[in-house]
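Here is the structure we will look at, set down as structure tokens.
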Amino acid sequence: MIGPRMLSKSIHRFVRYVHTIPPPPAVPPPLTLQSVSPLIRPHKPCSSTNYSIIKSDDFSFWPGFFTPQECKTLLEMALWKLDRVDTTLKRRRGDKSVKDIPTVLTSQDDVQGLQLLFDKKYGFEEGHYDSVIHQYRETLLSSLPPSSPPSLNSILSRLYALLPNLPVNDTDPDSGVLPPKGSLTHLLHLAPEGEILAHVDNLEASGSVICGVSLGASRTLRLEKKEKDGEDKGSQGWDVRLDNGSVYLQRDTVRYHYEHSILPYSSEGSVWDGKKLQSGHRISIMIRDAPSRPAHL
């Protein structure tokens, strides 16, 4: 039986331990399409009339939302899931081993080391059923790896908490409900030669909000106003540089009235500050609030 003095010491030690746990990082204010940033630029001139219909929260962008170490954790989770459904996998001969990747990534200089995680010959699909995506692998995330690191739940919970329509309790890392109910989490692996053509996501396959995480090589997201009668396609738009660890959220006007695409490295849009983006593998984690009638991939 524990005496009062022993109980008091145990409580004291526990309180001291709790105080040593760092609080979760606060979510920084996001950039918007109206922000002045080297990561966001107009694709074509925007008239003041069209510009004004886009609210500041129609597109929110968090560069560096996740640290390189957190990106490594997310990439390992995504590759675990994607590899399980890829029946054509073959490990590349002569390539560097995953063991060469530092155990702890602490700076953006280590981001290139993440490419070492892509150490197999993957069975990329030539084209999606709707001809929008080329050179890709995809799957839905319905469960987490059985041997996930303790940090994975808290990392994902910070991400799901960005979506405005999900129940708060379901984004709690201690709830055990990940991915949360009412959401669809899609993993998309784009090959270095891959691209995603301009499109608006099927409204029957996803809800009103789209949240995207970029992991691996940088890519350019292009937003273009949908073509209307008497109006040139792409008469208004932006390019957004999606670096490793960045997160974006689109809804309302940008969700329904703008097509989005991921440009190939050969595109002029893949040149930033006079330099072409370095090609590489990219995995995106796409989260949508579930539609009333979910569609199959």
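Ligands are numbered from 1 in the order shown, chains are lettered A, B, ... in the order of the structure tokens, and residues start at 1 in each chain.
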(request) May I have the residues within 7 Å of A:Ser214 as a VMD selection string, using only C-alpha atoms and disregarding those fewer than 4 positions away in the same chain? (result) chain A and resid 242 to 247 283 to 285
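For A:Asp289, the residues within 10 Å (counting only C-alpha atoms, excluding itself and residues fewer than 3 positions away along the chain) are Leu163, Pro164, Asn165, Leu166, Pro180, Lys181, Gly182, Ser183, Leu184, Thr185, Ala205, Ser206, Gly207, Ser208, Val209, Ile210, Cys211 and Ser292 of chain A.
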(message) With only C-alpha atoms as the counted atoms, please give the residues lying no more than 6 Å from stretch 55-70 of chain A, apart from itself and same-chain residues fewer than 4 positions off, as a list in words.
(response) Pro30, Leu31, Thr32, Leu105, Gly245, Ser246, Val247, Tyr248, Leu249, Gln250, Arg251, Asp252 and Val254 of chain A
Save the residues we just selected, all heavy atoms, as a CSV table (one decimal), in the first residue's frame?
chain,number,residue,atom,x,y,z
A,30,PRO,N,-1.6,31.7,-42.0
A,30,PRO,CA,-1.3,31.3,-43.4
A,30,PRO,C,-1.1,32.4,-44.3
A,30,PRO,O,-1.6,33.6,-44.1
A,30,PRO,CB,-2.5,30.5,-43.7
A,30,PRO,CG,-3.7,31.1,-43.0
A,30,PRO,CD,-3.1,31.6,-41.7
A,31,LEU,N,-0.4,32.1,-45.4
A,31,LEU,CA,-0.4,33.1,-46.5
A,31,LEU,C,-1.7,32.9,-47.3
A,31,LEU,O,-2.3,31.9,-47.2
A,31,LEU,CB,0.8,32.8,-47.4
A,31,LEU,CG,2.2,32.9,-46.8
A,31,LEU,CD1,3.3,32.5,-47.8
A,31,LEU,CD2,2.5,34.3,-46.3
A,32,THR,N,-2.0,33.9,-48.1
A,32,THR,CA,-3.2,33.8,-49.0
A,32,THR,C,-2.7,34.2,-50.4
A,32,THR,O,-1.5,34.6,-50.6
A,32,THR,CB,-4.3,34.8,-48.6
A,32,THR,OG1,-3.8,36.1,-48.8
A,32,THR,CG2,-4.6,34.6,-47.1
A,105,LEU,N,16.4,14.4,-39.0
A,105,LEU,CA,16.5,15.5,-40.0
A,105,LEU,C,16.3,16.8,-39.3
A,105,LEU,O,15.2,17.0,-38.7
A,105,LEU,CB,15.6,15.3,-41.2
A,105,LEU,CG,15.7,14.1,-42.0
A,105,LEU,CD1,14.7,14.0,-43.1
A,105,LEU,CD2,17.1,13.9,-42.5
A,245,GLY,N,7.0,19.8,-47.0
A,245,GLY,CA,6.4,20.2,-45.7
A,245,GLY,C,5.4,21.3,-45.7
A,245,GLY,O,4.9,21.7,-44.7
A,246,SER,N,5.1,21.8,-46.9
A,246,SER,CA,4.1,22.8,-47.0
A,246,SER,C,2.7,22.2,-47.1
A,246,SER,O,2.5,21.1,-47.4
A,246,SER,CB,4.3,23.7,-48.3
A,246,SER,OG,4.1,22.9,-49.5
A,247,VAL,N,1.7,23.0,-46.7
A,247,VAL,CA,0.3,22.6,-46.6
A,247,VAL,C,-0.6,23.7,-47.2
A,247,VAL,O,-0.3,24.9,-46.9
A,247,VAL,CB,-0.2,22.3,-45.2
A,247,VAL,CG1,-1.7,22.0,-45.1
A,247,VAL,CG2,0.7,21.2,-44.5
A,248,TYR,N,-1.5,23.3,-48.0
A,248,TYR,CA,-2.5,24.3,-48.5
A,248,TYR,C,-3.9,23.8,-48.3
A,248,TYR,O,-4.2,22.6,-48.2
A,248,TYR,CB,-2.2,24.7,-50.0
A,248,TYR,CG,-2.6,23.6,-51.0
A,248,TYR,CD1,-3.9,23.4,-51.4
A,248,TYR,CD2,-1.6,22.7,-51.4
A,248,TYR,CE1,-4.3,22.4,-52.3
A,248,TYR,CE2,-2.0,21.7,-52.3
A,248,TYR,CZ,-3.3,21.5,-52.8
A,248,TYR,OH,-3.6,20.5,-53.6
A,249,LEU,N,-4.8,24.8,-48.2
A,249,LEU,CA,-6.2,24.5,-48.1
A,249,LEU,C,-7.0,25.4,-49.0
A,249,LEU,O,-6.8,26.6,-49.0
A,249,LEU,CB,-6.7,24.7,-46.6
A,249,LEU,CG,-8.1,24.2,-46.2
A,249,LEU,CD1,-8.1,23.7,-44.8
A,249,LEU,CD2,-9.1,25.4,-46.4
A,250,GLN,N,-7.9,24.8,-49.8
A,250,GLN,CA,-8.7,25.6,-50.8
A,250,GLN,C,-10.2,25.2,-50.6
A,250,GLN,O,-10.5,24.1,-50.3
A,250,GLN,CB,-8.3,25.3,-52.2
A,250,GLN,CG,-8.5,23.9,-52.7
A,250,GLN,CD,-8.0,23.8,-54.2
A,250,GLN,OE1,-6.8,24.0,-54.5
A,250,GLN,NE2,-8.9,23.4,-55.0
A,251,ARG,N,-11.0,26.3,-50.7
A,251,ARG,CA,-12.4,26.1,-50.5
A,251,ARG,C,-13.2,27.2,-51.3
A,251,ARG,O,-12.6,28.2,-51.8
A,251,ARG,CB,-12.8,26.1,-49.1
A,251,ARG,CG,-12.3,27.3,-48.3
A,251,ARG,CD,-12.7,27.1,-46.8
A,251,ARG,NE,-12.0,28.0,-46.0
A,251,ARG,CZ,-12.1,28.0,-44.6
A,251,ARG,NH1,-12.8,27.1,-44.0
A,251,ARG,NH2,-11.4,28.9,-43.9
A,252,ASP,N,-14.5,27.1,-51.3
A,252,ASP,CA,-15.4,28.2,-51.8
A,252,ASP,C,-15.0,28.6,-53.2
A,252,ASP,O,-14.9,27.7,-54.1
A,252,ASP,CB,-15.4,29.4,-50.9
A,252,ASP,CG,-16.0,29.0,-49.5
A,252,ASP,OD1,-16.7,28.0,-49.4
A,252,ASP,OD2,-15.8,29.7,-48.5
A,254,VAL,N,-12.2,29.4,-54.8
A,254,VAL,CA,-11.1,28.7,-55.4
A,254,VAL,C,-11.4,27.2,-55.6
A,254,VAL,O,-10.9,26.6,-56.6
A,254,VAL,CB,-9.8,28.9,-54.5
A,254,VAL,CG1,-8.6,28.0,-55.0
A,254,VAL,CG2,-9.4,30.3,-54.5
